[in-house]
>>> print(open('coords-v3.cif').read())   # mmCIF, C-alpha atoms
data_structure
loop_
_atom_site.label_atom_id
_atom_site.label_comp_id
_atom_site.auth_asym_id
_atom_site.auth_seq_id
_atom_site.Cartn_x
_atom_site.Cartn_y
_atom_site.Cartn_z
CA MET A 97 -5.11 28.33 -5.52
CA GLY A 98 -7.86 27.83 -2.97
CA SER A 99 -9.12 31.35 -3.48
CA LEU A 100 -9.61 30.85 -7.23
CA VAL A 101 -11.57 27.66 -6.55
CA GLU A 102 -13.73 29.60 -4.08
CA GLU A 103 -14.17 32.36 -6.64
CA LEU A 104 -15.22 29.88 -9.32
CA ASN A 105 -17.59 28.20 -6.85
CA ALA A 106 -19.21 31.54 -6.01
CA ARG A 107 -19.51 32.30 -9.73
CA ALA A 108 -21.04 28.87 -10.36
CA ILE A 109 -23.64 29.45 -7.62
CA GLU A 110 -24.45 32.85 -9.09
CA LEU A 111 -24.89 31.33 -12.56
CA GLY A 112 -26.70 28.21 -11.31
CA VAL A 113 -24.00 25.92 -12.69
CA PRO A 114 -23.30 22.50 -11.14
CA LEU A 115 -19.54 22.88 -10.86
CA GLY A 116 -18.92 19.51 -9.21
CA VAL A 117 -20.60 16.11 -9.33
CA HIS A 118 -19.84 13.05 -7.24
CA LEU A 119 -20.81 10.01 -9.33
CA ASP A 120 -20.85 6.59 -7.72
CA LEU A 121 -20.32 4.08 -10.53
CA THR A 122 -21.30 1.14 -8.36
CA TRP A 123 -22.12 0.34 -4.77
CA ARG A 124 -20.53 -3.09 -5.12
CA CYS A 125 -17.33 -3.37 -3.15
CA ASN A 126 -14.51 -5.81 -2.47
CA GLU A 127 -14.27 -4.55 1.11
CA ARG A 128 -16.92 -4.61 3.83
CA CYS A 129 -15.99 -1.63 5.95
CA ILE A 130 -17.74 -1.67 9.29
CA HIS A 131 -18.72 2.02 8.98
CA CYS A 132 -19.86 1.94 5.34
CA TYR A 133 -23.09 3.84 4.72
CA LEU A 134 -23.98 2.10 1.44
CA ASP A 135 -25.64 -1.15 0.39
CA HIS A 136 -23.61 -3.34 -1.95
CA ASP A 137 -26.27 -4.51 -4.37
CA GLY A 138 -25.34 -3.95 -8.01
CA ALA A 139 -28.74 -4.76 -9.53
CA GLY A 140 -30.04 -1.94 -11.67
CA GLU A 141 -26.77 -0.04 -12.11
CA LEU A 142 -26.53 2.41 -14.98
CA SER A 143 -25.13 0.78 -18.10
CA PHE A 144 -22.13 2.12 -19.97
CA VAL A 145 -24.44 3.61 -22.60
CA GLU A 146 -26.43 5.39 -19.87
CA ILE A 147 -23.29 6.68 -18.19
CA ASP A 148 -21.89 7.85 -21.51
CA GLU A 149 -25.06 9.84 -22.15
CA LEU A 150 -25.00 11.15 -18.56
CA LEU A 151 -21.42 12.36 -18.93
CA VAL A 152 -22.35 14.30 -22.07
CA GLN A 153 -25.27 15.86 -20.18
CA LEU A 154 -23.00 16.77 -17.26
CA ALA A 155 -20.43 18.37 -19.56
CA ASN A 156 -23.16 20.36 -21.31
CA ALA A 157 -24.48 21.49 -17.91
CA GLY A 158 -21.05 22.91 -17.06
CA VAL A 159 -19.77 20.28 -14.63
CA PHE A 160 -15.99 20.65 -14.26
CA PHE A 161 -15.03 18.61 -11.19
CA LEU A 162 -16.12 14.97 -11.52
CA THR A 163 -15.46 12.56 -8.66
CA LEU A 164 -15.74 8.90 -9.64
CA SER A 165 -16.36 6.74 -6.62
CA GLY A 166 -18.35 3.85 -5.20
CA GLY A 167 -18.43 1.16 -3.72
CA GLU A 168 -15.25 0.24 -5.48
CA PRO A 169 -15.41 1.83 -8.94
CA LEU A 170 -12.74 -0.45 -10.41
CA LEU A 171 -15.08 -3.42 -9.92
CA ARG A 172 -16.89 -2.21 -13.03
CA LYS A 173 -15.43 -3.99 -16.03
CA ASP A 174 -16.07 -0.85 -18.08
CA PHE A 175 -14.39 1.45 -15.55
CA PHE A 176 -11.55 2.51 -17.82
CA ALA A 177 -13.92 3.04 -20.76
CA ILE A 178 -15.95 5.36 -18.51
CA LEU A 179 -12.80 7.13 -17.34
CA ARG A 180 -11.59 7.54 -20.92
CA ARG A 181 -14.93 9.04 -21.94
CA ALA A 182 -14.89 11.40 -18.95
CA ARG A 183 -11.47 12.67 -19.91
CA GLU A 184 -12.45 13.02 -23.58
CA LEU A 185 -15.16 15.33 -22.29
CA SER A 186 -12.47 17.28 -20.43
CA PHE A 187 -13.66 16.75 -16.86
CA ASN A 188 -11.27 17.23 -13.97
CA VAL A 189 -11.50 13.67 -12.65
CA LYS A 190 -10.81 12.69 -9.06
CA LEU A 191 -10.93 9.00 -8.20
CA LYS A 192 -11.94 7.54 -4.86
CA THR A 193 -10.90 3.91 -4.55
CA ASN A 194 -9.58 1.42 -2.03
CA ALA A 195 -6.85 0.78 -4.65
CA ILE A 196 -6.87 -2.98 -4.05
CA LEU A 197 -7.32 -3.65 -7.76
CA ILE A 198 -4.69 -1.14 -8.88
CA GLY A 199 -1.53 -2.71 -10.27
CA GLU A 200 1.02 -1.59 -12.87
CA ARG A 201 -1.43 -1.68 -15.78
CA GLU A 202 -4.15 0.20 -13.93
CA THR A 203 -1.67 2.79 -12.64
CA ALA A 204 -0.44 3.45 -16.17
CA LEU A 205 -4.02 3.87 -17.42
CA ILE A 206 -4.98 6.17 -14.55
CA ARG A 207 -1.95 8.32 -15.26
CA ASP A 208 -2.23 8.28 -19.06
CA LEU A 209 -5.94 9.10 -19.04
CA GLY A 210 -5.24 12.14 -16.87
CA VAL A 211 -6.82 11.53 -13.48
CA GLU A 212 -6.11 14.62 -11.39
CA SER A 213 -5.88 12.87 -8.02
CA VAL A 214 -6.62 9.57 -6.32
CA GLN A 215 -8.03 9.23 -2.80
CA VAL A 216 -7.50 6.04 -0.81
CA SER A 217 -8.83 5.34 2.68
CA ILE A 218 -6.32 4.02 5.20
CA TYR A 219 -7.60 3.31 8.69
CA SER A 220 -4.40 2.27 10.44
CA ASN A 221 -0.79 1.43 9.72
CA GLN A 222 -1.42 -1.85 11.55
CA PRO A 223 -2.78 -4.57 9.24
CA GLU A 224 -4.81 -6.23 11.98
CA VAL A 225 -6.66 -2.97 12.66
CA HIS A 226 -7.07 -1.75 9.06
CA ASP A 227 -8.07 -5.19 7.75
CA ALA A 228 -10.54 -5.70 10.60
CA ILE A 229 -12.25 -2.43 9.65
CA THR A 230 -12.33 -3.24 5.91
CA GLY A 231 -13.23 -6.89 6.48
CA ALA A 232 -10.67 -7.81 3.82
CA SER A 233 -7.56 -9.72 4.81
CA GLY A 234 -4.41 -8.27 3.26
CA SER A 235 -6.19 -5.05 2.23
CA LEU A 236 -3.74 -2.68 3.94
CA ALA A 237 -0.74 -4.23 2.21
CA ARG A 238 -2.48 -4.11 -1.17
CA SER A 239 -3.66 -0.52 -0.73
CA ILE A 240 -0.18 0.62 0.31
CA ARG A 241 1.43 -1.20 -2.62
CA ALA A 242 -0.96 0.59 -4.98
CA ILE A 243 -0.29 3.97 -3.37
CA ARG A 244 3.44 3.44 -3.86
CA LEU A 245 2.84 2.61 -7.53
CA LEU A 246 0.59 5.62 -8.08
CA VAL A 247 3.00 8.04 -6.41
CA SER A 248 5.98 6.56 -8.24
CA ARG A 249 4.23 7.35 -11.55
CA GLY A 250 3.70 10.96 -10.55
CA LEU A 251 0.05 10.73 -9.50
CA LYS A 252 -1.26 12.80 -6.61
CA VAL A 253 -2.60 10.56 -3.87
CA THR A 254 -4.57 11.56 -0.80
CA ILE A 255 -4.83 9.22 2.16
CA ALA A 256 -8.21 9.75 3.83
CA HIS A 257 -8.26 8.64 7.45
CA VAL A 258 -11.64 8.16 9.09
CA ILE A 259 -11.44 7.97 12.86
CA MET A 260 -13.74 5.59 14.69
CA ARG A 261 -13.60 3.61 17.91
CA PRO A 262 -11.48 0.67 16.63
CA ASN A 263 -8.73 2.96 15.25
CA ARG A 264 -8.85 5.91 17.63
CA GLY A 265 -5.36 7.18 18.33
CA HIS A 266 -3.89 5.74 15.11
CA TYR A 267 -3.89 8.98 13.16
CA PRO A 268 -0.32 10.08 14.03
CA THR A 269 1.13 6.88 12.58
CA VAL A 270 -1.13 7.01 9.51
CA ARG A 271 -0.07 10.61 8.97
CA ALA A 272 3.56 9.51 9.18
CA LEU A 273 2.80 6.72 6.71
CA ALA A 274 1.28 9.25 4.31
CA ALA A 275 4.40 11.40 4.56
CA GLU A 276 6.62 8.38 3.91
CA LEU A 277 4.53 7.42 0.86
CA GLY A 278 4.45 10.97 -0.53
CA ALA A 279 0.69 11.26 -0.11
CA VAL A 280 -1.46 14.07 1.22
CA PHE A 281 -3.14 13.24 4.55
CA THR A 282 -6.69 14.17 5.50
CA ILE A 283 -8.62 13.18 8.58
CA ASP A 284 -12.33 12.88 9.27
CA PRO A 285 -13.77 12.23 12.74
CA THR A 286 -17.37 11.83 11.54
CA ILE A 287 -19.19 8.54 11.01
CA THR A 288 -22.35 9.07 8.99
CA PRO A 289 -25.67 7.21 9.18
CA HIS A 290 -26.46 4.57 6.57
CA ILE A 291 -27.92 6.08 3.41
CA ASN A 292 -31.15 4.18 4.16
CA GLY A 293 -31.49 6.18 7.40
CA ASN A 294 -30.26 3.51 9.81
CA ARG A 295 -28.31 5.31 12.55
CA SER A 296 -26.73 2.27 14.23
CA LEU A 297 -23.37 3.04 12.57
CA LEU A 298 -23.11 6.14 14.76
CA ALA A 299 -22.11 3.87 17.65
CA LEU A 300 -18.70 3.75 15.95
CA ASN A 301 -18.15 7.46 16.56
CA ILE A 302 -15.31 8.09 18.98
CA ALA A 303 -16.12 9.11 22.55
CA SER A 304 -16.47 12.81 23.42
CA ALA A 305 -13.14 12.92 25.26
CA ASP A 306 -11.33 11.42 22.26
CA LEU A 307 -13.09 13.83 19.92
CA ARG A 308 -11.99 16.73 22.09
CA ASP A 309 -8.39 15.54 21.99
CA VAL A 310 -8.45 15.19 18.21
CA LEU A 311 -10.11 18.53 17.58
CA ARG A 312 -7.69 20.31 19.89
CA ASP A 313 -4.62 18.74 18.31
CA LYS A 314 -2.98 21.80 16.80
CA SER A 315 -0.93 19.68 14.43
CA LEU A 316 -4.13 18.73 12.59
CA VAL A 317 -5.31 22.25 11.81
CA ALA A 318 -4.21 22.04 8.18
CA ASP A 319 -5.69 18.60 7.59
CA SER A 320 -9.40 19.23 7.77
CA ASN A 321 -12.03 21.93 7.72
CA GLU A 322 -13.24 20.50 11.02
CA PHE A 323 -10.23 22.10 12.65
CA ALA A 324 -10.73 25.58 11.30
CA PRO A 325 -10.60 28.24 13.98
CA ALA A 326 -13.85 29.91 14.93
CA ALA A 327 -14.81 32.71 12.57
CA PRO A 328 -16.18 35.98 13.86
CA SER A 329 -19.91 36.52 13.55
CA ASP A 330 -20.60 38.06 10.19
CA GLU A 331 -23.78 39.19 8.49
CA ASP A 332 -22.69 37.68 5.17
CA LEU A 333 -22.35 34.30 6.84
CA VAL A 334 -25.77 34.57 8.46
CA ASN A 335 -27.24 35.30 5.04
CA GLY A 336 -25.02 32.77 3.31
CA ILE A 337 -25.67 29.21 2.25
CA PRO A 338 -24.78 26.29 4.54
CA CYS A 339 -22.57 24.49 1.98
CA SER A 340 -22.31 23.84 -1.75
CA ALA A 341 -24.64 20.79 -1.69
CA GLY A 342 -27.40 21.40 -4.22
CA HIS A 343 -26.01 24.87 -4.99
CA SER A 344 -22.93 24.10 -7.08
CA SER A 345 -22.58 20.38 -6.55
CA CYS A 346 -24.61 17.21 -6.27
CA TYR A 347 -24.41 13.44 -6.05
CA ILE A 348 -25.58 10.80 -8.53
CA SER A 349 -26.01 7.19 -7.43
CA PRO A 350 -25.16 4.12 -9.56
CA PHE A 351 -28.89 3.88 -10.26
CA GLY A 352 -29.25 7.42 -11.58
CA ASP A 353 -30.74 9.00 -8.46
CA VAL A 354 -29.74 12.62 -7.93
CA TYR A 355 -29.23 13.91 -4.38
CA PRO A 356 -27.83 17.24 -3.15
CA CYS A 357 -24.83 15.34 -1.74
CA VAL A 358 -23.79 11.79 -0.95
CA GLN A 359 -24.36 12.72 2.72
CA PHE A 360 -27.70 14.37 1.92
CA PRO A 361 -29.90 11.58 0.50
CA LEU A 362 -32.89 13.71 -0.47
CA PRO A 363 -34.24 12.14 -3.69
CA SER A 364 -34.36 14.99 -6.20
CA GLY A 365 -34.86 13.14 -9.50
CA ASN A 366 -33.52 10.28 -11.59
CA ILE A 367 -31.59 10.66 -14.80
CA ARG A 368 -33.41 7.67 -16.31
CA ARG A 369 -36.62 9.69 -16.22
CA GLN A 370 -35.40 13.28 -16.72
CA ARG A 371 -32.44 15.02 -18.26
CA PHE A 372 -29.87 15.99 -15.66
CA ILE A 373 -30.18 19.68 -16.43
CA ASP A 374 -33.95 19.57 -15.88
CA ILE A 375 -33.44 17.96 -12.48
CA TRP A 376 -30.75 20.48 -11.61
CA LYS A 377 -32.84 23.47 -12.64
CA HIS A 378 -36.36 22.43 -11.76
CA SER A 379 -36.29 19.86 -8.94
CA PRO A 380 -38.53 21.13 -6.10
CA GLN A 381 -36.27 19.34 -3.63
CA LEU A 382 -33.14 21.13 -4.83
CA ALA A 383 -35.08 24.39 -4.87
CA GLU A 384 -35.96 23.88 -1.21
CA VAL A 385 -32.33 23.12 -0.31
CA ARG A 386 -31.25 26.27 -2.15
CA SER A 387 -33.77 28.40 -0.32
CA ILE A 388 -32.24 27.80 3.12
CA ARG A 389 -29.99 30.39 4.74
CA LEU A 390 -28.34 30.22 8.14
CA ARG A 391 -30.71 32.92 9.42
CA ASP A 392 -33.63 30.56 8.63
CA LEU A 393 -32.43 27.76 10.93
CA PRO A 394 -34.63 27.91 14.03
CA VAL A 395 -32.10 26.53 16.51
CA CYS A 396 -28.73 27.05 14.83
CA SER A 397 -29.32 30.73 14.03
CA THR A 398 -29.48 31.40 17.79
CA CYS A 399 -26.34 29.39 18.58
CA ALA A 400 -23.03 30.91 19.71
CA HIS A 401 -21.35 28.68 17.13
CA ALA A 402 -23.69 29.67 14.29
CA THR A 403 -21.09 31.12 11.97
CA SER A 404 -18.18 28.87 12.90
CA CYS A 405 -19.94 25.50 13.05
CA SER A 406 -19.24 22.81 10.45
CA ARG A 407 -22.98 22.01 10.43
CA CYS A 408 -23.77 19.53 7.65
CA PRO A 409 -27.28 20.05 6.26
CA GLY A 410 -27.27 16.45 5.04
CA LEU A 411 -26.60 15.08 8.52
CA ALA A 412 -29.33 17.39 9.83
CA PHE A 413 -31.69 16.00 7.16
CA MET A 414 -30.82 12.46 8.20
CA GLU A 415 -31.60 13.46 11.76
CA GLY A 416 -35.08 14.42 10.59
CA ASN A 417 -34.98 18.10 9.60
CA MET A 418 -32.77 19.77 7.00
CA ARG A 419 -33.30 23.06 8.88
CA GLY A 420 -32.44 21.51 12.23
CA PRO A 421 -29.13 20.99 14.00
CA SER A 422 -26.69 18.25 13.11
CA THR A 423 -25.96 16.81 16.54
CA GLN A 424 -22.61 15.42 15.45
CA ASP A 425 -21.51 18.91 14.42
CA CYS A 426 -22.86 20.31 17.69
CA GLU A 427 -20.62 17.81 19.47
CA LYS A 428 -17.64 18.93 17.40
CA SER A 429 -18.29 22.61 18.16
CA TYR A 430 -18.51 21.76 21.84
CA ALA A 431 -15.39 19.59 21.73
CA ARG A 432 -13.43 22.40 20.07
CA THR A 433 -14.48 25.16 22.44
CA ALA A 434 -16.12 23.70 25.58
CA ILE A 435 -19.00 26.10 24.92
CA PRO A 436 -22.36 24.27 24.76
CA THR A 437 -24.37 24.68 21.57
CA ALA A 438 -27.96 25.97 21.44
CA ASN A 439 -29.04 22.44 20.57
CA MET A 440 -27.39 21.07 23.71
CA VAL A 441 -28.92 23.73 25.95
CA ARG A 442 -32.33 23.08 24.39
CA HIS A 443 -32.05 19.46 25.40
CA MET B 1022 9.52 29.73 -32.93
CA ASN B 1023 10.68 33.35 -33.16
CA ASP B 1024 7.60 35.04 -34.45
CA SER B 1025 9.39 37.88 -36.20
CA THR B 1026 10.50 35.34 -38.77
CA GLY B 1027 8.05 32.49 -38.55
CA LYS B 1028 4.57 31.41 -37.61
CA LYS B 1029 3.32 29.97 -34.36
CA TYR B 1030 0.81 27.16 -34.21
CA ILE B 1031 -0.90 26.42 -30.93
CA SER B 1032 -2.74 23.31 -29.79
CA ARG B 1033 -4.46 22.37 -26.55
CA SER B 1034 -2.71 19.85 -24.31
CA GLN B 1035 -4.61 16.65 -23.56
CA ALA B 1036 -3.38 16.83 -19.96
CA VAL B 1037 -5.90 19.44 -18.89
CA ALA B 1038 -9.46 19.71 -17.75
CA ALA B 1039 -11.42 22.60 -19.21
CA ARG B 1040 -14.93 23.98 -19.09
CA MET B 1041 -16.66 27.26 -19.83
CA LEU B 1042 -18.16 29.02 -16.79
CA GLY B 1043 -20.18 31.94 -18.02
CA GLU B 1044 -17.90 33.73 -20.45
CA GLU B 1045 -14.70 32.46 -18.88
CA MET B 1046 -12.82 29.23 -19.43
CA MET B 1047 -11.70 27.22 -16.40
CA ILE B 1048 -8.59 25.19 -17.09
CA MET B 1049 -6.72 22.92 -14.73
CA SER B 1050 -3.38 21.36 -15.53
CA ILE B 1051 -3.50 17.70 -14.59
CA ARG B 1052 0.29 17.77 -14.25
CA ASP B 1053 0.48 20.24 -11.39
CA SER B 1054 -3.17 21.02 -10.53
CA ALA B 1055 -2.58 24.66 -11.47
CA LEU B 1056 -5.98 26.26 -12.05
CA PHE B 1057 -6.61 29.11 -14.47
CA SER B 1058 -9.60 31.18 -15.35
CA LEU B 1059 -9.28 32.69 -18.82
CA ASN B 1060 -11.08 35.90 -19.70
CA PRO B 1061 -13.24 36.00 -22.85
CA THR B 1062 -10.38 36.94 -25.20
CA ALA B 1063 -8.03 34.32 -23.79
CA SER B 1064 -10.90 31.80 -23.91
CA ALA B 1065 -11.41 32.57 -27.60
CA ILE B 1066 -7.74 31.87 -28.30
CA TRP B 1067 -7.87 28.65 -26.29
CA GLN B 1068 -10.92 27.40 -28.17
CA ALA B 1069 -9.36 28.20 -31.54
CA ALA B 1070 -6.08 26.42 -30.71
CA ASP B 1071 -6.44 23.66 -33.30
CA GLY B 1072 -2.75 23.19 -34.07
CA VAL B 1073 -3.14 24.07 -37.74
CA THR B 1074 -4.30 27.70 -37.77
CA PRO B 1075 -1.45 30.22 -37.38
CA LEU B 1076 -1.69 32.21 -34.14
CA ARG B 1077 -1.82 35.50 -36.03
CA GLU B 1078 -4.84 34.25 -37.99
CA ILE B 1079 -6.52 33.10 -34.76
CA VAL B 1080 -5.99 36.53 -33.26
CA GLU B 1081 -7.44 38.24 -36.33
CA ARG B 1082 -10.49 35.98 -36.46
CA ALA B 1083 -11.21 35.44 -32.77
CA ILE B 1084 -9.99 38.70 -31.23
CA VAL B 1085 -9.60 41.60 -33.63
CA ALA B 1086 -12.90 40.83 -35.35
CA HIS B 1087 -14.81 40.81 -32.06
CA PHE B 1088 -13.00 43.13 -29.66
CA GLU B 1089 -11.86 46.73 -29.99
CA VAL B 1090 -8.12 46.22 -30.08
CA GLU B 1091 -5.21 47.02 -32.42
CA PRO B 1092 -4.07 43.90 -34.32
CA ASP B 1093 -0.41 44.23 -33.30
CA THR B 1094 -1.31 44.83 -29.65
CA ALA B 1095 -3.69 41.89 -29.70
CA TYR B 1096 -1.03 39.68 -31.23
CA ARG B 1097 1.63 40.70 -28.72
CA ASP B 1098 -0.78 40.00 -25.86
CA ALA B 1099 -1.71 36.67 -27.39
CA VAL B 1100 1.93 35.61 -27.69
CA GLU B 1101 2.48 36.50 -24.04
CA LEU B 1102 -0.61 34.52 -23.06
CA VAL B 1103 0.18 31.38 -25.05
CA GLU B 1104 3.76 31.35 -23.79
CA ALA B 1105 2.52 31.57 -20.20
CA LEU B 1106 0.02 28.77 -20.78
CA ALA B 1107 2.68 26.68 -22.53
CA GLY B 1108 4.88 27.15 -19.47
CA HIS B 1109 2.25 25.32 -17.43
CA GLY B 1110 1.93 22.58 -20.05
CA ILE B 1111 -1.68 23.38 -20.90
CA LEU B 1112 -0.97 24.65 -24.41
CA LYS B 1113 1.62 23.53 -26.98
CA ILE B 1114 3.40 25.90 -29.34
CA ALA B 1115 4.95 24.67 -32.58
CA ALA B 1116 6.67 26.24 -35.55
CA GLU B 1117 4.86 23.90 -37.95
CA PRO B 1118 1.17 23.01 -38.22
CA ALA B 1119 0.13 19.72 -36.66
CA ARG B 1120 -0.39 16.81 -39.04
CA SER B 1121 -4.03 15.93 -39.42
#
>>> encode(input="coords-v3.cif", output="structure tokens")
Amino acid sequence: MGSLVEELNARAIELGVPLGVHLDLTWRCNERCIHCYLDHDGAGELSFVEIDELLVQLANAGVFFLTLSGGEPLLRKDFFAILRRARELSFNVKLKTNAILIGERETALIRDLGVESVQVSIYSNQPEVHDAITGASGSLARSIRAIRLLVSRGLKVTIAHVIMRPNRGHYPTVRALAAELGAVFTIDPTITPHINGNRSLLALNIASADLRDVLRDKSLVADSNEFAPAAPSDEDLVNGIPCSAGHSSCYISPFGDVYPCVQFPLPSGNIRRQRFIDIWKHSPQLAEVRSIRLRDLPVCSTCAHATSCSRCPGLAFMEGNMRGPSTQDCEKSYARTAIPTANMVRH
Amino acid sequence: MNDSTGKKYISRSQAVAARMLGEEMMIMSIRDSALFSLNPTASAIWQAADGVTPLREIVERAIVAHFEVEPDTAYRDAVELVEALAGHGILKIAAEPARS
């Protein structure tokens, strides 16, 4: 199935179609995760009428995969009206939620409206650790209860496990919890800067030795792209695009701002001022993102890891240069292989 | 349901996501996440699956009128297609037209 998705993605890039959109419905949240990269102010959010119009525009533009996220999207009182409208427009809807507000009624609605999958973040199987990270007492118990409900009603649930200093070493037990609950398990060892550019959150990243242990854990190979084995150097890759951000996917904030990706906060337009398709086709910022090939990257193109690195152009942008290295990905390449990156040698 | 004696009526399942990409239709079954890419002829059948038009009429209007193909061959291929799609729950086949 993965190959057909890749084929459709390549076709979408060729046709200039935005195959996937990540839409944050709100940045408000009922948790206060210590690593969260968003503000939680709800002032100025798109109204239901604006979102309804946006969804029509996205469908007309060819968007197929629609991720509804936040903040906590279920904090919007009109969440299920938005979800219903999205499904009427035949989007493949994935939902990212902490699931705290999901009970029997919400589970039935999520199932009946045809959500394809639900992703819930779990940081530890120990309440004192998980709840300390979310800042919400009782949050682990409530999230797990909701996951049980969702799975029992036949919904596909993914447990996303972000590794940071307070929960390092907890992933084996969270993976076991996912198996017990009937959920898919994914793992992410990357803490990202705040969307406003503040990099203090990066102090939560696990230490190099811990990162090396995680990235060399063979049992995790299937759980994340970060663990993919090194690919041979290949001319197609050198001439290829860094990732789908801005090419076949983008991010839209609760305030209508369009970015290449949620991790790539390059303001490219606002749907309150322009039609989505005009931003997608004519934004100079998106055009610049689309113009970049691996061969154009001054440091990374010379690196031994060039074609195997998980380099995130958004993280590079937040470091100051969308054509520069993403130091966190340099560290991952080094942790995987013990071979220094060009960026490390340069420094 | 045996087409040698009766008509087939096809309708799109609500439990799918679908979108045109170029000339092909992407369809994903919400039930099992099975993903399909329908070629232009299959896409034409999918789009005409209104539950009230007999399949043979859909084939004549959407396929035979636009593609170089024998009507009986087109119909046989269409039956094979809709049965495969019905097997994944993304299309429904009925012996009677849907009530409006």
>>> atom_distance(input="coords-v3.cif", atom1="atom CA of A:Gly410", atom2="atom CA of A:Ala303")
22.0 Å
>>> interface_residues(input="coords-v3.cif", of="chain B", to="chain A", cutoff="7 Å", atoms="all atoms listed in the file", output="PDB file with C-alpha atoms, in the frame of the given file")
ATOM      1  CA  ALA B1036      -3.380  16.830 -19.960  1.00  0.00           C
ATOM      2  CA  ALA B1038      -9.460  19.710 -17.750  1.00  0.00           C
ATOM      3  CA  ALA B1039     -11.420  22.600 -19.210  1.00  0.00           C
ATOM      4  CA  ARG B1040     -14.930  23.980 -19.090  1.00  0.00           C
ATOM      5  CA  MET B1041     -16.660  27.260 -19.830  1.00  0.00           C
ATOM      6  CA  LEU B1042     -18.160  29.020 -16.790  1.00  0.00           C
ATOM      7  CA  ILE B1051      -3.500  17.700 -14.590  1.00  0.00           C
ATOM      8  CA  LEU B1056      -5.980  26.260 -12.050  1.00  0.00           C
TER       9      LEU B1056
END
>>> atom_distance(input="coords-v3.cif", atom1="atom CA of A:Ile375", atom2="atom CA of A:Pro289")
25.4 Å
>>> resolve_selection(input="coords-v3.cif", expression="the PyMOL selection byres ((chain A and resi 281) around 9)", output="list in words")
Val253, Thr254, Ile255, Ala256, His257, Val270, Arg271, Ala272, Ala274, Ala275, Ala279, Val280, Thr282, Ile283 and Asp319 of chain A
>>> write_last_selection(input="coords-v3.cif", atoms="C-alpha atoms", output="PDB file, in the frame of the given file")
ATOM      1  CA  VAL A 253      -2.600  10.560  -3.870  1.00  0.00           C
ATOM      2  CA  THR A 254      -4.570  11.560  -0.800  1.00  0.00           C
ATOM      3  CA  ILE A 255      -4.830   9.220   2.160  1.00  0.00           C
ATOM      4  CA  ALA A 256      -8.210   9.750   3.830  1.00  0.00           C
ATOM      5  CA  HIS A 257      -8.260   8.640   7.450  1.00  0.00           C
ATOM      6  CA  VAL A 270      -1.130   7.010   9.510  1.00  0.00           C
ATOM      7  CA  ARG A 271      -0.070  10.610   8.970  1.00  0.00           C
ATOM      8  CA  ALA A 272       3.560   9.510   9.180  1.00  0.00           C
ATOM      9  CA  ALA A 274       1.280   9.250   4.310  1.00  0.00           C
ATOM     10  CA  ALA A 275       4.400  11.400   4.560  1.00  0.00           C
ATOM     11  CA  ALA A 279       0.690  11.260  -0.110  1.00  0.00           C
ATOM     12  CA  VAL A 280      -1.460  14.070   1.220  1.00  0.00           C
ATOM     13  CA  THR A 282      -6.690  14.170   5.500  1.00  0.00           C
ATOM     14  CA  ILE A 283      -8.620  13.180   8.580  1.00  0.00           C
ATOM     15  CA  ASP A 319      -5.690  18.600   7.590  1.00  0.00           C
TER      16      ASP A 319
END
>>> resolve_selection(input="coords-v3.cif", expression="the PyMOL selection byres ((chain A and resi 424) around 10)", output="JSON list (two decimals) with C-alpha atoms, in the frame of the given file")
[["chain", "number", "residue", "atom", "x", "y", "z"],
["A", 285, "PRO", "CA", -13.77, 12.23, 12.74],
["A", 286, "THR", "CA", -17.37, 11.83, 11.54],
["A", 287, "ILE", "CA", -19.19, 8.54, 11.01],
["A", 288, "THR", "CA", -22.35, 9.07, 8.99],
["A", 298, "LEU", "CA", -23.11, 6.14, 14.76],
["A", 301, "ASN", "CA", -18.15, 7.46, 16.56],
["A", 406, "SER", "CA", -19.24, 22.81, 10.45],
["A", 407, "ARG", "CA", -22.98, 22.01, 10.43],
["A", 408, "CYS", "CA", -23.77, 19.53, 7.65],
["A", 411, "LEU", "CA", -26.60, 15.08, 8.52],
["A", 412, "ALA", "CA", -29.33, 17.39, 9.83],
["A", 415, "GLU", "CA", -31.60, 13.46, 11.76],
["A", 421, "PRO", "CA", -29.13, 20.99, 14.00],
["A", 422, "SER", "CA", -26.69, 18.25, 13.11],
["A", 423, "THR", "CA", -25.96, 16.81, 16.54],
["A", 425, "ASP", "CA", -21.51, 18.91, 14.42],
["A", 426, "CYS", "CA", -22.86, 20.31, 17.69],
["A", 427, "GLU", "CA", -20.62, 17.81, 19.47],
["A", 428, "LYS", "CA", -17.64, 18.93, 17.40],
["A", 429, "SER", "CA", -18.29, 22.61, 18.16],
["A", 430, "TYR", "CA", -18.51, 21.76, 21.84]]
>>> build_atoms(input="coords-v3.cif", residues="stretch 1099-1103 of chain B", atoms="N, CA and C atoms", output="PDB file, in the coordinates of the input")
ATOM      1  N   ALA B1099      -1.423  38.088 -27.179  1.00  0.00           N
ATOM      2  CA  ALA B1099      -1.710  36.670 -27.390  1.00  0.00           C
ATOM      3  C   ALA B1099      -0.439  35.837 -27.266  1.00  0.00           C
ATOM      4  N   VAL B1100       0.661  36.341 -27.803  1.00  0.00           N
ATOM      5  CA  VAL B1100       1.930  35.610 -27.690  1.00  0.00           C
ATOM      6  C   VAL B1100       2.319  35.463 -26.225  1.00  0.00           C
ATOM      7  N   GLU B1101       2.157  36.551 -25.471  1.00  0.00           N
ATOM      8  CA  GLU B1101       2.480  36.500 -24.040  1.00  0.00           C
ATOM      9  C   GLU B1101       1.610  35.458 -23.336  1.00  0.00           C
ATOM     10  N   LEU B1102       0.323  35.466 -23.684  1.00  0.00           N
ATOM     11  CA  LEU B1102      -0.610  34.520 -23.060  1.00  0.00           C
ATOM     12  C   LEU B1102      -0.231  33.078 -23.399  1.00  0.00           C
ATOM     13  N   VAL B1103      -0.048  32.786 -24.670  1.00  0.00           N
ATOM     14  CA  VAL B1103       0.180  31.380 -25.050  1.00  0.00           C
ATOM     15  C   VAL B1103       1.516  30.886 -24.494  1.00  0.00           C
TER      16      VAL B1103
END
